[in-house]
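**Q** What follows is work_13.cif; its format and atoms are mmCIF, C-alpha atoms and all ligand atoms.
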data_target
loop_
_atom_site.label_atom_id
_atom_site.label_comp_id
_atom_site.auth_asym_id
_atom_site.auth_seq_id
_atom_site.Cartn_x
_atom_site.Cartn_y
_atom_site.Cartn_z
CA MET A 176 100.72 126.69 88.15
CA GLU A 177 100.33 123.33 89.87
CA THR A 178 97.11 121.53 88.94
CA THR A 179 95.26 118.53 90.37
CA GLU A 180 96.74 116.55 87.52
CA SER A 181 100.32 117.61 88.17
CA VAL A 182 99.96 117.04 91.93
CA HIS A 183 98.54 113.56 91.40
CA GLY A 184 101.27 112.98 88.83
CA ALA A 185 103.96 113.86 91.36
CA PHE A 186 102.81 111.00 93.59
CA ASP A 187 102.00 108.58 90.77
CA LEU A 188 104.29 105.54 90.59
CA THR A 189 102.86 104.03 87.41
CA GLY A 190 105.63 102.29 85.48
CA ARG A 191 108.00 102.21 88.48
CA VAL A 192 109.49 99.02 89.89
CA ALA A 193 109.99 98.78 93.66
CA VAL A 194 111.57 96.26 96.01
CA VAL A 195 110.32 96.33 99.61
CA THR A 196 112.13 94.17 102.17
CA GLY A 197 110.27 93.17 105.31
CA ALA A 198 107.11 93.03 103.18
CA GLY A 199 105.90 89.85 104.88
CA GLY A 200 104.01 91.83 107.52
CA GLY A 201 103.70 95.03 109.54
CA ILE A 202 105.11 98.27 108.15
CA GLY A 203 106.75 96.55 105.16
CA ARG A 204 103.47 94.94 104.07
CA THR A 205 101.56 98.24 104.23
CA THR A 206 104.41 100.03 102.47
CA ALA A 207 104.23 97.50 99.64
CA GLU A 208 100.44 97.95 99.46
CA VAL A 209 100.71 101.76 99.37
CA LEU A 210 103.38 101.77 96.65
CA ALA A 211 101.33 99.30 94.60
CA ALA A 212 98.17 101.38 95.05
CA ALA A 213 100.15 104.35 93.71
CA GLY A 214 100.89 102.31 90.56
CA ALA A 215 104.25 100.62 91.20
CA PHE A 216 105.11 96.99 90.48
CA VAL A 217 106.27 95.77 93.90
CA VAL A 218 108.62 92.90 94.65
CA CYS A 219 107.57 91.89 98.18
CA ALA A 220 110.72 90.49 99.79
CA ASP A 221 110.93 88.83 103.19
CA ILE A 222 112.57 85.91 104.95
CA ASN A 223 109.01 84.73 105.71
CA LEU A 224 107.81 83.29 102.40
CA SER A 225 104.17 82.75 103.38
CA GLY A 226 104.02 86.35 104.66
CA THR A 227 105.29 87.77 101.35
CA GLU A 228 102.96 85.51 99.39
CA GLU A 229 100.03 86.84 101.42
CA THR A 230 101.14 90.43 100.80
CA ALA A 231 101.55 89.92 97.06
CA GLU A 232 98.19 88.09 96.82
CA GLY A 233 96.51 90.96 98.69
CA ILE A 234 97.99 93.49 96.25
CA LEU A 235 96.98 91.43 93.22
CA GLY A 236 93.49 91.03 94.68
CA ALA A 237 93.21 94.82 95.02
CA GLY A 238 94.13 95.26 91.34
CA GLY A 239 97.81 96.06 91.86
CA ALA A 240 100.96 94.40 90.55
CA ALA A 241 103.34 92.48 92.81
CA GLU A 242 105.30 89.30 93.27
CA PRO A 243 106.68 87.60 96.38
CA ALA A 244 110.38 86.86 96.93
CA GLN A 245 112.01 85.01 99.78
CA VAL A 246 115.22 86.67 100.88
CA ASP A 247 117.38 86.88 103.99
CA VAL A 248 118.66 90.46 103.92
CA ALA A 249 121.55 89.47 106.19
CA ALA A 250 122.91 86.94 103.70
CA ARG A 251 125.73 88.43 101.62
CA GLY A 252 124.83 88.56 97.96
CA ALA A 253 121.13 87.77 98.50
CA LEU A 254 119.88 91.29 97.83
CA SER A 255 122.25 91.72 94.86
CA GLU A 256 120.76 88.55 93.39
CA LEU A 257 117.22 89.78 94.04
CA VAL A 258 117.93 93.18 92.47
CA ALA A 259 119.61 91.57 89.44
CA ARG A 260 116.64 89.22 89.02
CA THR A 261 114.20 92.12 89.37
CA VAL A 262 116.02 94.25 86.78
CA GLY A 263 116.32 91.22 84.48
CA MET A 264 112.59 90.48 84.65
CA HIS A 265 111.11 93.96 84.94
CA GLY A 266 113.70 96.12 83.17
CA ALA A 267 114.67 98.47 86.01
CA LEU A 268 114.63 99.22 89.71
CA HIS A 269 113.33 102.68 90.61
CA ILE A 270 112.55 102.31 94.32
CA MET A 271 114.30 100.30 97.04
CA CYS A 272 112.77 100.20 100.52
CA ASN A 273 114.95 98.58 103.18
CA VAL A 274 112.33 97.88 105.83
CA ALA A 275 113.19 94.40 107.21
CA GLY A 276 114.28 94.54 110.82
CA ILE A 277 114.41 92.67 114.11
CA MET A 278 114.51 93.68 117.77
CA ILE A 279 116.41 92.30 120.75
CA ASP A 280 115.82 93.32 124.34
CA SER A 281 118.93 93.83 126.42
CA SER A 282 120.72 96.49 128.38
CA ILE A 283 124.03 97.61 126.91
CA ILE A 284 125.95 96.08 129.84
CA ASP A 285 124.34 92.66 129.39
CA LEU A 286 124.36 92.67 125.58
CA ASP A 287 125.40 89.24 124.29
CA PRO A 288 128.02 89.56 121.50
CA ASP A 289 126.30 86.92 119.36
CA GLU A 290 122.98 88.70 119.69
CA PHE A 291 124.66 91.97 118.79
CA ASP A 292 126.14 90.35 115.68
CA ARG A 293 122.69 89.02 114.78
CA ILE A 294 120.93 92.37 115.03
CA LEU A 295 123.78 94.18 113.24
CA SER A 296 123.56 91.65 110.41
CA VAL A 297 119.88 92.24 109.78
CA ASN A 298 119.28 95.86 110.82
CA LEU A 299 122.48 97.50 109.62
CA LYS A 300 124.35 95.19 107.23
CA GLY A 301 121.05 94.13 105.63
CA VAL A 302 120.29 97.78 104.89
CA LEU A 303 123.85 98.33 103.61
CA TYR A 304 123.52 95.35 101.23
CA GLY A 305 120.17 96.70 100.00
CA CYS A 306 121.66 100.16 99.44
CA GLN A 307 124.65 98.72 97.57
CA ALA A 308 122.61 96.40 95.36
CA ALA A 309 120.04 99.07 94.46
CA GLY A 310 122.60 101.89 94.34
CA ARG A 311 124.70 100.16 91.69
CA VAL A 312 121.83 99.76 89.24
CA MET A 313 120.30 103.15 90.05
CA VAL A 314 123.60 105.01 89.50
CA GLU A 315 123.97 103.26 86.16
CA HIS A 316 120.39 104.17 85.29
CA GLY A 317 120.88 107.78 86.47
CA ALA A 318 117.82 107.80 88.77
CA GLY A 319 116.28 106.10 91.78
CA SER A 320 115.04 106.49 95.31
CA ILE A 321 116.24 104.44 98.28
CA ILE A 322 114.31 104.57 101.55
CA ASN A 323 115.80 103.07 104.72
CA MET A 324 113.81 102.32 107.86
CA ALA A 325 115.32 103.64 111.09
CA SER A 326 113.39 104.44 114.28
CA ALA A 327 112.55 107.20 116.74
CA ALA A 328 115.06 105.32 118.93
CA VAL A 329 117.72 107.26 116.98
CA LEU A 330 116.40 110.52 118.44
CA THR A 331 115.23 109.30 121.86
CA PRO A 332 117.35 106.62 123.52
CA ALA A 333 115.31 104.22 125.66
CA PRO A 334 116.56 101.63 128.14
CA GLY A 335 116.79 98.00 126.97
CA VAL A 336 116.85 98.65 123.22
CA GLY A 337 120.36 100.07 122.83
CA ALA A 338 121.56 97.46 120.32
CA TYR A 339 118.56 98.24 118.12
CA ALA A 340 119.14 102.00 118.46
CA ILE A 341 122.83 101.60 117.54
CA CYS A 342 121.83 99.83 114.31
CA LYS A 343 119.21 102.44 113.47
CA ALA A 344 121.63 105.32 114.12
CA GLY A 345 123.99 103.53 111.73
CA VAL A 346 121.19 103.36 109.15
CA ALA A 347 120.63 107.12 109.44
CA GLN A 348 124.37 107.76 108.96
CA LEU A 349 124.59 105.25 106.10
CA THR A 350 121.74 107.16 104.41
CA GLN A 351 123.53 110.50 104.70
CA SER A 352 126.92 109.15 103.56
CA MET A 353 125.39 107.46 100.55
CA ALA A 354 123.21 110.46 99.69
CA VAL A 355 126.25 112.71 99.24
CA GLU A 356 127.96 110.09 97.08
CA VAL A 357 125.13 109.27 94.69
CA GLY A 358 123.20 112.53 94.46
CA ARG A 359 125.04 113.67 91.35
CA HIS A 360 123.86 110.50 89.62
CA GLY A 361 120.20 111.36 90.26
CA VAL A 362 119.85 108.85 93.09
CA ARG A 363 118.18 109.94 96.34
CA VAL A 364 118.58 108.19 99.71
CA ASN A 365 116.41 108.99 102.73
CA THR A 366 115.51 107.54 106.11
CA VAL A 367 112.12 107.15 107.75
CA ALA A 368 112.24 107.03 111.57
CA PRO A 369 108.82 105.86 112.84
CA GLY A 370 107.51 106.24 116.36
CA TYR A 371 105.60 103.41 118.04
CA VAL A 372 103.44 101.38 115.65
CA PRO A 373 101.66 98.22 116.88
CA THR A 374 103.01 95.33 114.76
CA ASN A 375 104.40 91.85 115.45
CA MET A 376 107.67 93.51 116.50
CA THR A 377 106.10 95.65 119.20
CA ALA A 378 103.46 93.05 120.18
CA ARG A 379 106.10 91.17 122.16
CA TYR A 380 105.27 93.46 125.09
CA TYR A 381 101.75 92.03 125.30
CA THR A 382 101.93 88.60 123.65
CA ARG A 383 101.54 85.52 125.85
CA PRO A 384 103.99 82.60 125.45
CA ASP A 385 101.27 80.71 123.50
CA GLY A 386 101.13 83.57 120.94
CA THR A 387 97.77 85.01 122.00
CA ILE A 388 97.38 88.71 122.76
CA ASP A 389 96.87 89.80 126.36
CA GLU A 390 94.39 92.65 125.78
CA GLU A 391 94.86 94.06 129.28
CA ALA A 392 98.62 94.19 128.86
CA LYS A 393 98.13 95.69 125.40
CA ALA A 394 96.01 98.52 126.79
CA ALA A 395 98.58 99.03 129.56
CA VAL A 396 101.25 99.58 126.88
CA LEU A 397 99.29 101.52 124.27
CA THR A 398 97.26 103.85 126.50
CA PRO A 399 100.21 105.64 128.15
CA MET A 400 102.09 105.55 124.85
CA ALA A 401 99.25 107.50 123.23
CA LYS A 402 98.85 109.79 126.23
CA PHE A 403 102.45 110.97 126.09
CA THR A 404 102.38 111.50 122.33
CA PRO A 405 101.50 115.08 121.29
CA LEU A 406 99.03 113.75 118.69
CA ARG A 407 97.53 111.46 121.39
CA ARG A 408 97.70 108.22 119.45
CA VAL A 409 100.14 105.51 118.45
CA GLY A 410 101.15 105.10 114.81
CA ARG A 411 99.45 103.16 112.06
CA THR A 412 101.43 101.24 109.49
CA SER A 413 99.85 103.49 106.83
CA ASP A 414 101.34 106.58 108.53
CA ILE A 415 104.72 105.12 107.66
CA GLY A 416 103.69 103.82 104.23
CA TYR A 417 102.58 107.30 103.15
CA CYS A 418 105.93 108.78 104.21
CA VAL A 419 107.65 106.15 102.10
CA LEU A 420 105.34 106.98 99.18
CA TYR A 421 106.36 110.65 99.41
CA LEU A 422 110.06 109.77 99.44
CA ALA A 423 109.65 107.23 96.63
CA SER A 424 107.77 109.63 94.38
CA ASP A 425 108.73 112.66 92.32
CA ALA A 426 106.97 114.81 94.95
CA SER A 427 110.25 114.57 96.93
CA SER A 428 112.61 115.03 93.99
CA PHE A 429 114.62 117.73 95.88
CA VAL A 430 114.86 115.67 99.09
CA THR A 431 117.87 113.51 99.90
CA GLY A 432 119.90 112.55 102.97
CA GLN A 433 116.96 113.39 105.23
CA LEU A 434 115.38 111.68 108.22
CA LEU A 435 111.58 111.88 108.12
CA SER A 436 109.95 111.22 111.49
CA PRO A 437 106.33 110.02 111.50
CA ASN A 438 106.10 109.72 115.28
CA GLY A 439 103.13 111.79 116.47
CA GLY A 440 105.55 114.37 117.85
CA VAL A 441 107.30 112.22 120.50
CA ALA A 442 110.70 113.31 119.23
CA MET A 443 111.64 116.43 117.31
CA HIS A 444 114.81 117.56 115.61
CA TYR A 445 116.07 120.50 113.62
N1 LIG B 501 106.70 98.95 114.83
C1 LIG B 501 107.35 99.99 115.32
O1 LIG B 501 106.95 100.63 116.32
C2 LIG B 501 108.61 100.48 114.64
C3 LIG B 501 109.12 101.72 115.03
C4 LIG B 501 110.27 102.19 114.41
C5 LIG B 501 110.89 101.45 113.42
N2 LIG B 501 110.37 100.25 113.05
C6 LIG B 501 111.07 99.53 111.99
O2 LIG B 501 110.17 99.24 110.94
C7 LIG B 501 110.59 98.05 110.26
C8 LIG B 501 109.43 97.09 110.17
O3 LIG B 501 109.09 96.69 111.49
P1 LIG B 501 107.63 96.17 111.90
O4 LIG B 501 107.23 96.89 113.11
O5 LIG B 501 106.74 96.14 110.73
O6 LIG B 501 108.01 94.69 112.39
P2 LIG B 501 107.53 93.26 111.88
O7 LIG B 501 108.20 92.31 112.78
O8 LIG B 501 106.04 93.24 111.79
O9 LIG B 501 108.12 93.18 110.41
C9 LIG B 501 109.47 92.95 110.15
C10 LIG B 501 109.57 92.07 108.92
O10 LIG B 501 110.96 91.89 108.62
C11 LIG B 501 111.13 90.53 108.25
N3 LIG B 501 112.51 90.12 108.49
C12 LIG B 501 113.14 89.93 109.67
N4 LIG B 501 114.41 89.50 109.47
C13 LIG B 501 114.57 89.41 108.12
C14 LIG B 501 115.65 89.03 107.31
N5 LIG B 501 116.83 88.61 107.83
N6 LIG B 501 115.51 89.08 105.97
C15 LIG B 501 114.32 89.46 105.42
N7 LIG B 501 113.25 89.83 106.17
C16 LIG B 501 113.38 89.80 107.50
C17 LIG B 501 110.15 89.77 109.13
O11 LIG B 501 109.88 88.48 108.63
C18 LIG B 501 108.95 90.69 109.13
O12 LIG B 501 108.06 90.40 108.07
C19 LIG B 501 111.79 97.51 111.06
O13 LIG B 501 112.99 97.94 110.44
C20 LIG B 501 111.62 98.19 112.41
O14 LIG B 501 112.85 98.31 113.08
C21 LIG B 501 109.25 99.74 113.63
#
How would this structure read if it were set down as structure tokens?
Ligand SMILES: NC(=O)c1ccc[n+]([C@@H]2O[C@H](COP(=O)([O-])OP(=O)(O)OC[C@H]3O[C@@H](n4cnc5c(N)ncnc54)[C@H](O)[C@@H]3O)[C@@H](O)[C@H]2O)c1
**A**
Amino acid sequence: METTESVHGAFDLTGRVAVVTGAGGGIGRTTAEVLAAAGAFVVCADINLSGTEETAEGILGAGGAAEPAQVDVAARGALSELVARTVGMHGALHIMCNVAGIMIDSSIIDLDPDEFDRILSVNLKGVLYGCQAAGRVMVEHGAGSIINMASAAVLTPAPGVGAYAICKAGVAQLTQSMAVEVGRHGVRVNTVAPGYVPTNMTARYYTRPDGTIDEEAKAAVLTPMAKFTPLRRVGRTSDIGYCVLYLASDASSFVTGQLLSPNGGVAMHY
């Protein structure tokens, strides 16, 4: 029989080491906080050093364990170095969360090839490099959980964000391909595909050129977004962090190659 203790134990990450990319803000920061609150030591990795430092300080201040790391996920070898350093200093890597991402706005017809290269480098190759770096050490160790961040854009194409959706669809396929390769070594690989969550990435729709928020424009974006969502609200970064916690923990030990969709019901799939 399952008990309170065994259920808590299934979600407990005490003694686990996690790397979270994109941890300098938004969904990555909250994911790092959630994993740390569940007991993990979290390496908060981001290209934005002050952002990761803030995240790690916040975790330490709340009684958790974390350290910041500056990394460009698009730079070849950077994530391998980070993973090697993490394993060298902390003995293992149990959880890898590939959250870092960028957005570009363009129709497919007008998509600039350089911009496409840029978004592919961060959103798809960056995730590939993270999967490879973590996968190598996890396969050797015989256990591990990799969580890749995709988007509801994979399920529901929208105009103007095709390049982003292409990358995220690639992430979902990368997850499945890797899952069938590494499953026999005890390594799980899953994707989280969030719906709309207000963060710096999505704030571009209502941020003025001077960086301040246009509250009227914000309401004009968020109100209809919530209205057309079956759960009648937009997402919170914690909605995504808790999905990552589930996939990182032993509670999901029979789950691999899956796409989990915290999106309020805006897109559904079988
Ligand atoms: N916010 C949403 O509605 C939403 C929806 C679906 C998916 N997502 C995905 O969630 C992830 C997090 O997005 P967010 O909304 O928190 O955005 P965000 O802009 O707040 O956070 C993204 C983080 O990634 C970091 N980053 C960017 N390029 C990097 C690089 N080359 N190397 C290392 N770090 C880099 C940024 O510095 C930033 O801290 C992204 O993959 C995004 O595509 C977001």
**Q** Of the residues A:Asp187, A:Glu229, A:Asp247, A:Glu256, which is the one nearest to ligand LIG 501 (chain B), using only C-alpha atoms and all ligand atoms?
**A** A:Asp247
**Q** At a cut-off of 6 Å, using only C-alpha atoms, what residues contact Pro369 of chain A? Leave out same-chain residues fewer than 3 positions from it and give the result as a compact mmCIF listing (two decimals) with C-alpha atoms, in the coordinates of the input.
**A**
# COMPACT_ATOMS: atom_id res chain seq x y z
CA SER A 326 113.39 104.44 114.28
CA ALA A 327 112.55 107.20 116.74
CA SER A 436 109.95 111.22 111.49
CA PRO A 437 106.33 110.02 111.50
CA ASN A 438 106.10 109.72 115.28
**Q** Looking at A:Ile322, A:Ala211, A:Val182, A:Val312, which one is nearest to Gly263 of chain A, with distances taken over only C-alpha atoms?
**A** A:Val312
**Q** Distance limit 7 Å, reference ligand LIG 501 (chain B), atoms considered: only C-alpha atoms and all ligand atoms. Which residues make the cut? Give them as a short mmCIF file (atom, residue, chain, number, x, y, z; two decimals) with C-alpha atoms, in the coordinates of the input.
**A**
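Written out: pocket.cif:
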data_model
loop_
_atom_site.label_atom_id
_atom_site.label_comp_id
_atom_site.auth_asym_id
_atom_site.auth_seq_id
_atom_site.Cartn_x
_atom_site.Cartn_y
_atom_site.Cartn_z
CA THR A 196 112.13 94.17 102.17
CA GLY A 197 110.27 93.17 105.31
CA ALA A 198 107.11 93.03 103.18
CA GLY A 199 105.90 89.85 104.88
CA GLY A 200 104.01 91.83 107.52
CA GLY A 201 103.70 95.03 109.54
CA ILE A 202 105.11 98.27 108.15
CA GLY A 203 106.75 96.55 105.16
CA ALA A 220 110.72 90.49 99.79
CA ASP A 221 110.93 88.83 103.19
CA ILE A 222 112.57 85.91 104.95
CA ASN A 223 109.01 84.73 105.71
CA GLY A 226 104.02 86.35 104.66
CA VAL A 246 115.22 86.67 100.88
CA ASP A 247 117.38 86.88 103.99
CA VAL A 248 118.66 90.46 103.92
CA ALA A 249 121.55 89.47 106.19
CA VAL A 274 112.33 97.88 105.83
CA ALA A 275 113.19 94.40 107.21
CA GLY A 276 114.28 94.54 110.82
CA ILE A 277 114.41 92.67 114.11
CA MET A 278 114.51 93.68 117.77
CA VAL A 297 119.88 92.24 109.78
CA ASN A 298 119.28 95.86 110.82
CA MET A 324 113.81 102.32 107.86
CA ALA A 325 115.32 103.64 111.09
CA SER A 326 113.39 104.44 114.28
CA ALA A 327 112.55 107.20 116.74
CA ALA A 368 112.24 107.03 111.57
CA PRO A 369 108.82 105.86 112.84
CA GLY A 370 107.51 106.24 116.36
CA TYR A 371 105.60 103.41 118.04
CA VAL A 372 103.44 101.38 115.65
CA PRO A 373 101.66 98.22 116.88
CA THR A 374 103.01 95.33 114.76
CA ASN A 375 104.40 91.85 115.45
CA MET A 376 107.67 93.51 116.50
CA THR A 377 106.10 95.65 119.20
#
**Q** Which protein, DNA or RNA residues have an atom at most 10 Å from (119.4, 104.1, 89.0), counting only C-alpha atoms? List them as a list in words.
**A**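 Nearby residues: Ala267, Leu268, His269, Ile270, Ala309, Gly310, Arg311, Val312, Met313, Val314, Glu315, His316, Gly317, Ala318, Gly319, Ser320, Ile321, Val357, His360, Gly361, Val362 and Arg363 of chain A.
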**Q** Nearest residue to His265 of chain A out of A:Gly335, A:Gly233, A:Gly190, A:Gly239, using only C-alpha atoms?
**A**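 Counting only C-alpha atoms, the residue closest to His265 of chain A is A:Gly190.
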**Q** Per residue of segment 231-294 of chain A within 9 Å of segment 337-351 of chain A, record the nearest atom pair and its distance in Å to one decimal, counting all atoms listed in the file, with rows in chain order and ascending residue number, as a Markdown table.
**A**
| residue | atom | partner | partner_atom | distance |
| --- | --- | --- | --- | --- |
| A:Ile277 | CA | A:Tyr339 | CA | 8.0 |
| A:Met278 | CA | A:Tyr339 | CA | 6.1 |
| A:Ile279 | CA | A:Tyr339 | CA | 6.8 |
| A:Asp280 | CA | A:Ala338 | CA | 8.1 |
| A:Ser281 | CA | A:Gly337 | CA | 7.3 |
| A:Ser282 | CA | A:Gly337 | CA | 6.6 |
| A:Ile283 | CA | A:Gly337 | CA | 6.0 |
| A:Leu286 | CA | A:Ala338 | CA | 7.6 |
| A:Glu290 | CA | A:Ala338 | CA | 8.9 |
| A:Phe291 | CA | A:Ala338 | CA | 6.5 |
| A:Ile294 | CA | A:Tyr339 | CA | 7.0 |
**Q** Would you compute the distance between atom CA of Pro334 of chain A and atom CA of Ala394 of chain A? Give it in Å to one decimal.
**A**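 Going from atom CA of Pro334 of chain A over to atom CA of Ala394 of chain A, I get 20.8 Å.
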**Q** Using all atoms listed in the file, find the one residue out of A:Leu397, A:Leu254, A:Val194, A:Ala212 that sits nearest to Ile234 of chain A.
**A**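 Ranking A:Leu397, A:Leu254, A:Val194, A:Ala212 by distance to Ile234 of chain A, first place goes to A:Ala212.
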**Q** Could you please determine the separation between atom CA of Ile415 of chain A and atom CA of Thr205 of chain A in Å, to one decimal place?
**A**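 Answer for the atom CA of Ile415 of chain A to atom CA of Thr205 of chain A separation: 8.3 Å.
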**Q** Go ahead and compute the interatomic distance for atom CA of Gly432 of chain A and atom CA of Thr366 of chain A, in Å to one decimal.
**A**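 These two atoms are separated by 7.4 Å.
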**Q** Counting all atoms listed in the file, figure out which residue out of A:Val419, A:Leu303, A:Val262, A:Ala328 gets nearest to Val441 of chain A.
**A**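 Of A:Val419, A:Leu303, A:Val262, A:Ala328, the one nearest Val441 of chain A is A:Ala328, counting all atoms listed in the file.
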**Q** Tell me which of A:Ala423, A:Val329, A:Gly416, A:Val336 sits closest to Met443 of chain A, counting all atoms listed in the file.
**A**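 Of all the options, A:Val329 lies closest to Met443 of chain A.
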